[in-house]
Structure formats: structure tokens, C-alpha cells
file entry-v3.cif (mmCIF, C-alpha atoms)
data_protein
loop_
_atom_site.label_atom_id
_atom_site.label_comp_id
_atom_site.auth_asym_id
_atom_site.auth_seq_id
_atom_site.Cartn_x
_atom_site.Cartn_y
_atom_site.Cartn_z
CA MET A 9 21.37 -10.18 -11.50
CA ARG A 10 22.09 -8.02 -14.55
CA GLY A 11 18.95 -9.29 -16.28
CA LEU A 12 16.95 -8.78 -13.09
CA GLY A 13 18.09 -5.16 -12.84
CA LYS A 14 17.15 -4.39 -16.44
CA LEU A 15 13.79 -6.06 -16.03
CA MET A 16 13.12 -4.04 -12.89
CA LEU A 17 13.88 -0.76 -14.68
CA ILE A 18 11.55 -1.74 -17.51
CA GLN A 19 8.77 -2.50 -15.02
CA ILE A 20 9.20 0.91 -13.37
CA LYS A 21 9.11 2.68 -16.75
CA LEU A 22 5.96 0.80 -17.72
CA TYR A 23 4.34 1.80 -14.44
CA LEU A 24 5.21 5.46 -14.94
CA ARG A 25 3.66 5.37 -18.41
CA GLU A 26 0.25 4.78 -16.82
CA PRO A 27 -0.97 8.28 -15.83
CA MET A 28 -3.71 7.06 -13.48
CA ALA A 29 -1.45 4.62 -11.63
CA THR A 30 1.29 7.24 -11.31
CA PHE A 31 -1.15 9.86 -10.01
CA PHE A 32 -2.74 7.67 -7.34
CA THR A 33 0.60 6.24 -6.23
CA ILE A 34 2.71 9.39 -6.07
CA PHE A 35 0.48 12.46 -5.98
CA PHE A 36 -2.93 11.48 -4.58
CA ALA A 37 -1.98 11.20 -0.89
CA PRO A 38 0.14 14.42 -0.81
CA LEU A 39 -2.67 16.31 -2.54
CA MET A 40 -5.18 15.01 0.01
CA LEU A 41 -2.82 16.12 2.77
CA LEU A 42 -2.61 19.62 1.28
CA LEU A 43 -6.37 19.81 0.79
CA PHE A 44 -7.40 18.73 4.28
CA GLY A 45 -4.46 20.58 5.82
CA ALA A 46 -5.71 23.80 4.24
CA ILE A 47 -9.14 23.13 5.78
CA TYR A 48 -8.26 21.82 9.24
CA GLY A 49 -4.66 22.93 9.76
CA ASN A 50 -2.35 21.06 12.12
CA LYS A 51 -3.15 22.66 15.46
CA PRO A 52 -2.74 20.21 18.39
CA SER A 53 -6.07 18.90 19.61
CA PRO A 54 -7.10 16.84 22.65
CA PHE A 55 -9.29 14.88 20.26
CA PHE A 56 -6.14 13.47 18.67
CA GLY A 57 -4.18 13.05 21.89
CA GLY A 58 -2.52 16.46 21.72
CA ARG A 59 -1.47 16.03 18.11
CA GLY A 60 -2.67 17.83 15.01
CA SER A 61 -4.86 16.31 12.33
CA MET A 62 -1.98 16.33 9.84
CA ASP A 63 0.31 14.65 12.39
CA ILE A 64 -1.95 11.61 12.37
CA SER A 65 -2.85 11.86 8.70
CA VAL A 66 0.68 11.27 7.36
CA PRO A 67 1.14 7.76 8.86
CA SER A 68 -2.49 6.95 8.03
CA TYR A 69 -2.05 7.95 4.39
CA ILE A 70 0.87 5.55 4.14
CA GLY A 71 -1.77 2.81 4.33
CA LEU A 72 -3.70 4.61 1.58
CA ILE A 73 -0.68 4.46 -0.75
CA ILE A 74 -0.04 0.80 0.06
CA VAL A 75 -3.59 -0.31 -0.71
CA THR A 76 -3.71 1.76 -3.91
CA VAL A 77 -0.57 0.16 -5.34
CA ALA A 78 -1.28 -3.35 -4.07
CA MET A 79 -4.98 -3.68 -4.84
CA ILE A 80 -5.31 -1.53 -7.97
CA GLY A 81 -1.98 -0.93 -9.69
CA LEU A 82 -0.46 -4.38 -9.19
CA PRO A 83 -3.46 -6.52 -10.24
CA ILE A 84 -4.18 -4.38 -13.30
CA GLY A 85 -0.55 -4.42 -14.45
CA THR A 86 -0.11 -8.15 -13.93
CA ALA A 87 -3.44 -9.15 -15.48
CA SER A 88 -2.80 -6.82 -18.42
CA ALA A 89 0.61 -8.44 -19.03
CA ARG A 90 -1.03 -11.87 -19.01
CA GLU A 91 -3.84 -10.71 -21.30
CA ARG A 92 -1.36 -9.33 -23.86
CA GLY A 93 0.69 -12.54 -23.78
CA VAL A 94 3.70 -10.90 -22.12
CA LEU A 95 3.84 -13.46 -19.32
CA ARG A 96 3.62 -16.35 -21.75
CA ARG A 97 6.46 -14.98 -23.87
CA PHE A 98 8.53 -14.26 -20.78
CA ARG A 99 8.50 -17.92 -19.82
CA ALA A 100 10.26 -18.68 -23.13
CA THR A 101 13.25 -16.46 -22.20
CA PRO A 102 16.37 -17.77 -20.37
CA LEU A 103 15.36 -15.86 -17.22
CA ARG A 104 13.61 -17.88 -14.55
CA PRO A 105 10.00 -17.04 -13.62
CA LEU A 106 11.26 -16.01 -10.17
CA ALA A 107 13.22 -13.18 -11.83
CA PHE A 108 10.01 -11.70 -13.23
CA ILE A 109 8.23 -11.97 -9.87
CA LEU A 110 11.14 -10.36 -8.00
CA SER A 111 11.51 -7.54 -10.53
CA ASP A 112 7.76 -6.96 -10.36
CA ILE A 113 7.76 -6.81 -6.56
CA ILE A 114 10.80 -4.52 -6.43
CA ALA A 115 9.31 -2.19 -9.05
CA TYR A 116 5.99 -1.85 -7.19
CA LEU A 117 7.82 -1.50 -3.87
CA THR A 118 9.98 1.27 -5.35
CA MET A 119 6.92 3.16 -6.54
CA THR A 120 5.27 2.75 -3.13
CA ILE A 121 8.39 4.08 -1.38
CA LEU A 122 8.46 7.04 -3.79
CA GLY A 123 4.85 7.91 -2.96
CA VAL A 124 5.43 7.60 0.80
CA THR A 125 8.60 9.70 0.59
CA LEU A 126 6.79 12.52 -1.22
CA LEU A 127 3.97 12.32 1.35
CA ILE A 128 6.37 12.63 4.28
CA ILE A 129 8.32 15.48 2.67
CA THR A 130 5.08 17.36 1.98
CA GLY A 131 3.87 16.88 5.53
CA LYS A 132 7.16 17.98 7.07
CA ILE A 133 7.72 21.04 4.86
CA VAL A 134 4.15 22.36 4.72
CA PHE A 135 2.74 21.32 8.11
CA ASN A 136 5.83 20.45 10.16
CA VAL A 137 4.29 17.12 11.15
CA ARG A 138 5.59 15.47 14.29
CA PHE A 139 7.59 12.26 14.18
CA GLU A 140 8.37 10.54 17.48
CA GLY A 141 9.30 7.02 16.39
CA HIS A 142 12.43 5.26 15.15
CA PRO A 143 12.95 5.28 11.36
CA LEU A 144 13.95 1.60 11.28
CA ASN A 145 10.81 0.55 13.15
CA VAL A 146 8.61 2.54 10.78
CA ALA A 147 10.47 1.08 7.77
CA ALA A 148 10.03 -2.46 9.10
CA GLY A 149 6.32 -1.93 9.72
CA PHE A 150 5.92 -0.43 6.28
CA LEU A 151 7.70 -3.39 4.67
CA LEU A 152 5.53 -5.92 6.53
CA ALA A 153 2.32 -4.11 5.58
CA THR A 154 3.38 -3.65 1.96
CA CYS A 155 4.38 -7.29 1.47
CA ALA A 156 1.14 -8.48 3.06
CA PHE A 157 -0.96 -6.37 0.69
CA PHE A 158 1.19 -7.28 -2.31
CA ALA A 159 0.31 -10.90 -1.56
CA LEU A 160 -3.38 -9.96 -1.75
CA GLY A 161 -2.72 -8.04 -4.96
CA TYR A 162 -1.10 -11.05 -6.63
CA LEU A 163 -3.99 -13.17 -5.44
CA VAL A 164 -6.43 -10.84 -7.24
CA ALA A 165 -4.17 -10.83 -10.31
CA GLY A 166 -4.04 -14.62 -10.24
CA VAL A 167 -7.79 -15.15 -10.33
CA ALA A 168 -8.78 -12.23 -12.59
CA PRO A 169 -8.66 -13.33 -16.25
CA THR A 170 -8.57 -9.79 -17.67
CA ALA A 171 -7.18 -6.39 -16.67
CA ARG A 172 -10.69 -4.90 -16.66
CA LEU A 173 -11.93 -7.51 -14.19
CA ALA A 174 -8.78 -7.08 -12.08
CA GLN A 175 -9.48 -3.35 -11.93
CA ALA A 176 -13.09 -3.93 -10.88
CA VAL A 177 -12.21 -6.48 -8.19
CA GLY A 178 -9.32 -4.37 -6.91
CA MET A 179 -11.47 -1.26 -6.56
CA ILE A 180 -14.33 -3.16 -4.94
CA LEU A 181 -11.90 -4.42 -2.32
CA ALA A 182 -9.81 -1.26 -1.96
CA PHE A 183 -12.32 1.57 -1.65
CA PRO A 184 -14.31 0.23 1.33
CA MET A 185 -11.01 -0.43 3.11
CA MET A 186 -9.80 3.12 2.40
CA PHE A 187 -12.81 4.75 4.05
CA LEU A 188 -13.50 2.31 6.90
CA SER A 189 -9.97 1.65 8.14
CA GLY A 190 -8.88 5.13 9.18
CA ALA A 191 -6.63 5.50 6.13
CA THR A 192 -8.58 8.51 4.81
CA ILE A 193 -10.93 9.43 7.67
CA PRO A 194 -9.34 9.31 11.16
CA TYR A 195 -10.80 6.42 13.08
CA GLU A 196 -11.40 8.80 16.01
CA VAL A 197 -14.17 10.26 13.82
CA ILE A 198 -15.61 6.92 12.72
CA PRO A 199 -18.71 5.80 14.72
CA PRO A 200 -17.97 3.12 17.35
CA SER A 201 -20.13 0.50 15.62
CA VAL A 202 -18.27 0.96 12.33
CA ARG A 203 -14.95 1.06 14.17
CA ALA A 204 -15.72 -2.32 15.75
CA ALA A 205 -16.45 -3.84 12.33
CA SER A 206 -13.32 -2.25 10.83
CA ARG A 207 -11.14 -4.51 12.99
CA PHE A 208 -11.85 -7.24 10.44
CA ILE A 209 -10.39 -5.12 7.63
CA PRO A 210 -6.66 -5.75 7.01
CA LEU A 211 -5.95 -2.10 6.20
CA THR A 212 -7.15 -1.08 9.67
CA HIS A 213 -4.23 -3.01 11.13
CA VAL A 214 -1.83 -1.30 8.72
CA VAL A 215 -3.04 2.14 9.81
CA THR A 216 -2.94 1.21 13.49
CA LEU A 217 0.58 -0.22 13.20
CA MET A 218 1.95 2.71 11.18
CA ARG A 219 0.44 5.31 13.50
CA GLY A 220 1.75 3.51 16.56
CA LEU A 221 5.30 3.12 15.24
CA TRP A 222 5.26 6.67 13.85
CA PHE A 223 4.65 8.02 17.36
CA GLY A 224 7.19 5.78 19.06
CA GLU A 225 5.04 2.97 20.44
CA ALA A 226 6.74 -0.36 21.06
CA TRP A 227 6.18 -3.38 18.82
CA SER A 228 4.81 -5.22 21.84
CA ARG A 229 1.76 -2.94 21.79
CA HIS A 230 0.91 -4.09 18.28
CA LEU A 231 1.06 -7.86 18.48
CA THR A 232 -2.45 -8.14 17.02
CA GLU A 233 -1.46 -6.09 13.98
CA ILE A 234 1.73 -8.11 13.51
CA ILE A 235 -0.13 -11.42 13.72
CA VAL A 236 -2.89 -10.29 11.33
CA LEU A 237 -0.52 -8.88 8.71
CA THR A 238 1.84 -11.86 8.95
CA GLY A 239 -1.14 -14.16 8.50
CA VAL A 240 -2.31 -12.17 5.48
CA LEU A 241 1.20 -12.38 4.02
CA ILE A 242 1.51 -16.15 4.51
CA ILE A 243 -2.01 -17.08 3.41
CA GLY A 244 -2.05 -14.58 0.55
CA THR A 245 1.33 -15.75 -0.76
CA SER A 246 0.31 -19.40 -0.56
CA LEU A 247 -2.97 -18.85 -2.41
CA ALA A 248 -1.38 -16.51 -4.98
CA SER A 249 1.35 -19.07 -5.73
CA TRP A 250 -1.26 -21.77 -6.18
CA LEU A 251 -3.68 -19.75 -8.31
CA PHE A 252 -1.27 -17.61 -10.35
CA ARG A 253 -1.47 -18.24 -14.08
CA TRP A 254 1.11 -17.26 -16.70
CA GLU A 255 -1.38 -17.45 -19.58
#

call {"tool": "encode", "arguments": {"input": "entry-v3.cif", "output": "C-alpha cells"}}
result
Amino acid sequence: MRGLGKLMLIQIKLYLREPMATFFTIFFAPLMLLLFGAIYGNKPSPFFGGRGSMDISVPSYIGLIIVTVAMIGLPIGTASARERGVLRRFRATPLRPLAFILSDIIAYLTMTILGVTLLIITGKIVFNVRFEGHPLNVAAGFLLATCAFFALGYLVAGVAPTARLAQAVGMILAFPMMFLSGATIPYEVIPPSVRAASRFIPLTHVVTLMRGLWFGEAWSRHLTEIIVLTGVLIIGTSLASWLFRWE
């Protein structure tokens, strides 16, 4: 456990040394909230069910942070470590490979939580966003969504031979999801035809689940989202375990 804790701290420090990863994980979503909040405000609107645009943006942007860490930061970091021979040398240490995987997951999860926390604080202080759910339900939904997308991130890292290719693949997968799922643009604004196609995008189910739990909806209303994200977690983990390479 002592070695695991030290390894986790090292992974967090390495993550923070990457300016782009740190910016998109911690500051990008709060800055977007401030920008669009300055334009649209947070006045309740019938278009959003009596809520303001910032009220619905905060839980939606949680999905934005998750996909940024999971599909861009995680694959690049893991593929880069393999490319530099770090993973190969790690296997020669007394620590088990599982220790590296756990420390990696905990480090990325910590950074994701940090970004979400700053987003929520910004929304509450600046726009007094409404929260009508139970914190434990939101935390559980967040954990399910994050683990599901981390599985996809490790799958990308497993098949990408270089950090540059991992970055390209991660961005190709992440950016369409960001703009078609409701994570950046509210899906009330998205045309119906695009909205119908977006149901096949995993991030859409993250946004739907987080918005529902944020406003106090029961888990029973989101069985589809739970099934999809659980399936992504199981299938993604299985494929990532099979395809992951240490060198």
C-alpha cells in the first residue's frame, strides 16, 4: 500500500506537469461556464423546464470533463509511458502490474474529481446553480460514467503504439461526442434528427444520467443509461485487458 500511495502521487505530479492536460481537465469546463454564463445568464426558462441554462450546463459539463480525461489525457499518458520504456522498466520492479494500473486509475480519477469540484464551485458561486438531487446518487453516477470511459481510454492506449497516435485517436473519438451528446451544446438545442443519432454515443448517456440525478430523478428512470454504461465498462475493460501492451 505504501508503494501504491507513492506511485499514485508521482502519477498526479506527472499529470500536472502537462500544461494542456491540466488546462482541459481543471480549467476548461469552468471557463466555458463563465463564458456562456456571461452571454446567456441563468434566468429560468420554459425551454429548459423552468431552469436556467447554467443550471443544466453544470451537470452536462461533468460529462465534458470525463471524456477529456478518459479519451485524451489517459491514452496519451499511458502510450507515452510505454513509448519511453517506463512500463517495461516498471515490470522489473517488485511492485505488481496491478499496482501501476490502480495508481494510474486513482490518479486520473483524482484529477477528474478536481475538475468537477472546481466546475461545481464556479457554478454555485457565480451563477447560484440549482441542485435538487442527492449527493451520493450524483457521486455514484459520476463514478459509473468515469469508470466506463476510463475503460475506453485504456482500450485506446492499448492499441495505439505511440503517444501521437493515441492523441489523434482520442481526439477523433472525443470531439464528435462532446458536440453531439449535449455535453457542450444542450440537447434541447440539437436538431431532432441529430438527437436521435446521438443515442448511440456513450457520452449522451453520461449527460442524460448526470442531468437526471443532478435534478433528483430516480435511478429507475435511467435504466437505459445504466445498462449502456455498465456494458461499456464491462466490454471496454475486457478488451483493454486483452489488448494492453507493456512494451

call {"tool": "axis_aligned_box", "arguments": {"input": "entry-v3.cif", "around": "segment 159-171 of chain A", "padding_each_side": "6 Å", "output": "lines of an AutoDock Vina configuration file"}}
result
center_x = -4.2
center_y = -10.8
center_z = -9.6
size_x = 21.1
size_y = 20.8
size_z = 28.1

call {"tool": "resolve_selection", "arguments": {"input": "entry-v3.cif", "expression": "the PyMOL selection byres ((chain A and resi 71) around 7)", "output": "short mmCIF file (atom, residue, chain, number, x, y, z; two decimals) with C-alpha atoms, in the coordinates of the input"}}
result
data_model
loop_
_atom_site.label_atom_id
_atom_site.label_comp_id
_atom_site.auth_asym_id
_atom_site.auth_seq_id
_atom_site.Cartn_x
_atom_site.Cartn_y
_atom_site.Cartn_z
CA SER A 68 -2.49 6.95 8.03
CA TYR A 69 -2.05 7.95 4.39
CA ILE A 70 0.87 5.55 4.14
CA LEU A 72 -3.70 4.61 1.58
CA ILE A 73 -0.68 4.46 -0.75
CA ILE A 74 -0.04 0.80 0.06
CA VAL A 75 -3.59 -0.31 -0.71
CA ALA A 191 -6.63 5.50 6.13
CA LEU A 211 -5.95 -2.10 6.20
CA VAL A 214 -1.83 -1.30 8.72
CA VAL A 215 -3.04 2.14 9.81
#

call {"tool": "closest_atom_pairs", "arguments": {"input": "entry-v3.cif", "of": "segment 166-246 of chain A", "to": "segment 24-45 of chain A", "cutoff": "12 Å", "atoms": "all atoms listed in the file", "output": "JSON lines"}}
result
{"residue": "A:Gln175", "atom": "CA", "partner": "A:Ala29", "partner_atom": "CA", "distance": 11.3}
{"residue": "A:Met186", "atom": "CA", "partner": "A:Ala37", "partner_atom": "CA", "distance": 11.7}
{"residue": "A:Ala191", "atom": "CA", "partner": "A:Ala37", "partner_atom": "CA", "distance": 10.2}
{"residue": "A:Thr192", "atom": "CA", "partner": "A:Met40", "partner_atom": "CA", "distance": 8.8}
{"residue": "A:Ile193", "atom": "CA", "partner": "A:Phe44", "partner_atom": "CA", "distance": 10.5}
{"residue": "A:Pro194", "atom": "CA", "partner": "A:Phe44", "partner_atom": "CA", "distance": 11.8}

call {"tool": "residues_near_point", "arguments": {"input": "entry-v3.cif", "point": "(1.7, 12.8, 9.1)", "cutoff": "8 Å", "atoms": "all atoms listed in the file", "output": "VMD selection string"}}
result
chain A and resid 62 to 69 128 131 to 132 137 to 139

call {"tool": "atom_distance", "arguments": {"input": "entry-v3.cif", "atom1": "atom CA of Ala159 of chain A", "atom2": "atom CA of Val236 of chain A"}}
result
13.3 Å

call {"tool": "closest_residue", "arguments": {"input": "entry-v3.cif", "among": "A:Val167, A:Ile121, A:Ile18, A:Ile109", "to": "Arg253 of chain A", "atoms": "all atoms listed in the file"}}
result
A:Val167

call {"tool": "resolve_selection", "arguments": {"input": "entry-v3.cif", "expression": "the PyMOL selection byres ((chain A and resi 16) around 7)", "output": "MDAnalysis selection string"}}
result
chainID A and resid 12:15 17:20 111:112 114:115

call {"tool": "atom_distance", "arguments": {"input": "entry-v3.cif", "atom1": "atom CA of Ala204 of chain A", "atom2": "atom CA of Gly190 of chain A"}}
result
12.1 Å

call {"tool": "atom_distance", "arguments": {"input": "entry-v3.cif", "atom1": "atom CA of Glu140 of chain A", "atom2": "atom CA of Leu231 of chain A"}}
result
19.8 Å

call {"tool": "closest_residue", "arguments": {"input": "entry-v3.cif", "among": "A:Leu22, A:Ile113, A:Ile133, A:Ala89", "to": "Pro169 of chain A", "atoms": "all atoms listed in the file"}}
result
A:Ala89

call {"tool": "residues_around", "arguments": {"input": "entry-v3.cif", "residues": "Thr245 of chain A", "least_positions_apart": "4", "cutoff": "12 Å", "atoms": "all atoms listed in the file", "output": "PDB file with C-alpha atoms, keeping the file's coordinate frame"}}
result
ATOM      1  CA  CYS A 155       4.380  -7.290   1.470  1.00  0.00           C
ATOM      2  CA  ALA A 156       1.140  -8.480   3.060  1.00  0.00           C
ATOM      3  CA  PHE A 157      -0.960  -6.370   0.690  1.00  0.00           C
ATOM      4  CA  PHE A 158       1.190  -7.280  -2.310  1.00  0.00           C
ATOM      5  CA  ALA A 159       0.310 -10.900  -1.560  1.00  0.00           C
ATOM      6  CA  LEU A 160      -3.380  -9.960  -1.750  1.00  0.00           C
ATOM      7  CA  GLY A 161      -2.720  -8.040  -4.960  1.00  0.00           C
ATOM      8  CA  TYR A 162      -1.100 -11.050  -6.630  1.00  0.00           C
ATOM      9  CA  LEU A 163      -3.990 -13.170  -5.440  1.00  0.00           C
ATOM     10  CA  VAL A 164      -6.430 -10.840  -7.240  1.00  0.00           C
ATOM     11  CA  GLY A 166      -4.040 -14.620 -10.240  1.00  0.00           C
ATOM     12  CA  LEU A 237      -0.520  -8.880   8.710  1.00  0.00           C
ATOM     13  CA  THR A 238       1.840 -11.860   8.950  1.00  0.00           C
ATOM     14  CA  GLY A 239      -1.140 -14.160   8.500  1.00  0.00           C
ATOM     15  CA  VAL A 240      -2.310 -12.170   5.480  1.00  0.00           C
ATOM     16  CA  LEU A 241       1.200 -12.380   4.020  1.00  0.00           C
ATOM     17  CA  SER A 249       1.350 -19.070  -5.730  1.00  0.00           C
ATOM     18  CA  TRP A 250      -1.260 -21.770  -6.180  1.00  0.00           C
ATOM     19  CA  LEU A 251      -3.680 -19.750  -8.310  1.00  0.00           C
ATOM     20  CA  PHE A 252      -1.270 -17.610 -10.350  1.00  0.00           C
TER      21      PHE A 252
END

call {"tool": "residues_around", "arguments": {"input": "entry-v3.cif", "residues": "Ala147 of chain A", "least_positions_apart": "6", "cutoff": "10 Å", "atoms": "all atoms listed in the file", "output": "PDB file with C-alpha atoms, in the coordinates of the input"}}
result
ATOM      1  CA  ILE A 121       8.390   4.080  -1.380  1.00  0.00           C
ATOM      2  CA  ALA A 153       2.320  -4.110   5.580  1.00  0.00           C
ATOM      3  CA  MET A 218       1.950   2.710  11.180  1.00  0.00           C
ATOM      4  CA  LEU A 221       5.300   3.120  15.240  1.00  0.00           C
ATOM      5  CA  TRP A 222       5.260   6.670  13.850  1.00  0.00           C
TER       6      TRP A 222
END

call {"tool": "build_atoms", "arguments": {"input": "entry-v3.cif", "residues": "segment 49-80 of chain A", "atoms": "N, CA and C atoms", "output": "short mmCIF file (atom, residue, chain, number, x, y, z; two decimals), in the coordinates of the input"}}
result
data_model
loop_
_atom_site.label_atom_id
_atom_site.label_comp_id
_atom_site.auth_asym_id
_atom_site.auth_seq_id
_atom_site.Cartn_x
_atom_site.Cartn_y
_atom_site.Cartn_z
N GLY A 49 -5.91 22.53 9.15
CA GLY A 49 -4.66 22.93 9.76
C GLY A 49 -4.03 21.78 10.54
N ASN A 50 -3.05 22.10 11.34
CA ASN A 50 -2.35 21.06 12.12
C ASN A 50 -2.19 21.49 13.58
N LYS A 51 -3.19 22.21 14.07
CA LYS A 51 -3.15 22.66 15.46
C LYS A 51 -3.38 21.48 16.40
N PRO A 52 -2.55 21.32 17.44
CA PRO A 52 -2.74 20.21 18.39
C PRO A 52 -4.15 20.22 18.98
N SER A 53 -4.70 19.02 19.10
CA SER A 53 -6.07 18.90 19.61
C SER A 53 -6.16 17.75 20.60
N PRO A 54 -6.89 17.95 21.71
CA PRO A 54 -7.10 16.84 22.65
C PRO A 54 -7.80 15.65 22.01
N PHE A 55 -8.57 15.93 20.97
CA PHE A 55 -9.29 14.88 20.26
C PHE A 55 -8.34 13.87 19.64
N PHE A 56 -7.15 14.34 19.26
CA PHE A 56 -6.14 13.47 18.67
C PHE A 56 -4.96 13.24 19.62
N GLY A 57 -5.22 13.31 20.92
CA GLY A 57 -4.18 13.05 21.89
C GLY A 57 -3.11 14.12 21.93
N GLY A 58 -3.48 15.37 21.69
CA GLY A 58 -2.52 16.46 21.72
C GLY A 58 -1.75 16.64 20.43
N ARG A 59 -2.13 15.91 19.41
CA ARG A 59 -1.47 16.03 18.11
C ARG A 59 -2.43 16.72 17.13
N GLY A 60 -1.85 17.20 16.03
CA GLY A 60 -2.67 17.83 15.01
C GLY A 60 -3.24 16.81 14.04
N SER A 61 -4.23 17.24 13.27
CA SER A 61 -4.86 16.31 12.33
C SER A 61 -3.90 15.86 11.24
N MET A 62 -2.96 16.72 10.85
CA MET A 62 -1.98 16.33 9.84
C MET A 62 -0.91 15.41 10.43
N ASP A 63 -0.64 15.55 11.73
CA ASP A 63 0.31 14.65 12.39
C ASP A 63 -0.15 13.21 12.27
N ILE A 64 -1.44 12.98 12.44
CA ILE A 64 -1.95 11.61 12.37
C ILE A 64 -2.29 11.20 10.95
N SER A 65 -2.47 12.18 10.07
CA SER A 65 -2.85 11.86 8.70
C SER A 65 -1.69 11.27 7.91
N VAL A 66 -0.46 11.75 8.14
CA VAL A 66 0.68 11.27 7.36
C VAL A 66 0.88 9.77 7.53
N PRO A 67 1.00 9.22 8.76
CA PRO A 67 1.14 7.76 8.86
C PRO A 67 -0.09 7.00 8.39
N SER A 68 -1.28 7.61 8.51
CA SER A 68 -2.49 6.95 8.03
C SER A 68 -2.50 6.86 6.52
N TYR A 69 -2.07 7.92 5.85
CA TYR A 69 -2.05 7.95 4.39
C TYR A 69 -1.02 6.99 3.81
N ILE A 70 -0.05 6.59 4.61
CA ILE A 70 0.87 5.55 4.14
C ILE A 70 0.08 4.29 3.79
N GLY A 71 -0.89 3.95 4.62
CA GLY A 71 -1.77 2.81 4.33
C GLY A 71 -2.56 3.03 3.07
N LEU A 72 -2.96 4.29 2.80
CA LEU A 72 -3.70 4.61 1.58
C LEU A 72 -2.85 4.33 0.33
N ILE A 73 -1.57 4.70 0.38
CA ILE A 73 -0.68 4.46 -0.75
C ILE A 73 -0.46 2.96 -0.94
N ILE A 74 -0.28 2.25 0.15
CA ILE A 74 -0.04 0.80 0.06
C ILE A 74 -1.22 0.10 -0.60
N VAL A 75 -2.42 0.39 -0.16
CA VAL A 75 -3.59 -0.31 -0.71
C VAL A 75 -3.84 0.09 -2.16
N THR A 76 -3.52 1.32 -2.53
CA THR A 76 -3.71 1.76 -3.91
C THR A 76 -2.80 1.00 -4.85
N VAL A 77 -1.52 0.88 -4.49
CA VAL A 77 -0.57 0.16 -5.34
C VAL A 77 -0.90 -1.32 -5.37
N ALA A 78 -1.14 -1.90 -4.18
CA ALA A 78 -1.28 -3.35 -4.07
C ALA A 78 -2.59 -3.87 -4.64
N MET A 79 -3.68 -3.15 -4.46
CA MET A 79 -4.98 -3.68 -4.84
C MET A 79 -5.50 -3.14 -6.17
N ILE A 80 -4.86 -2.08 -6.69
CA ILE A 80 -5.31 -1.53 -7.97
C ILE A 80 -4.20 -1.59 -9.00
#
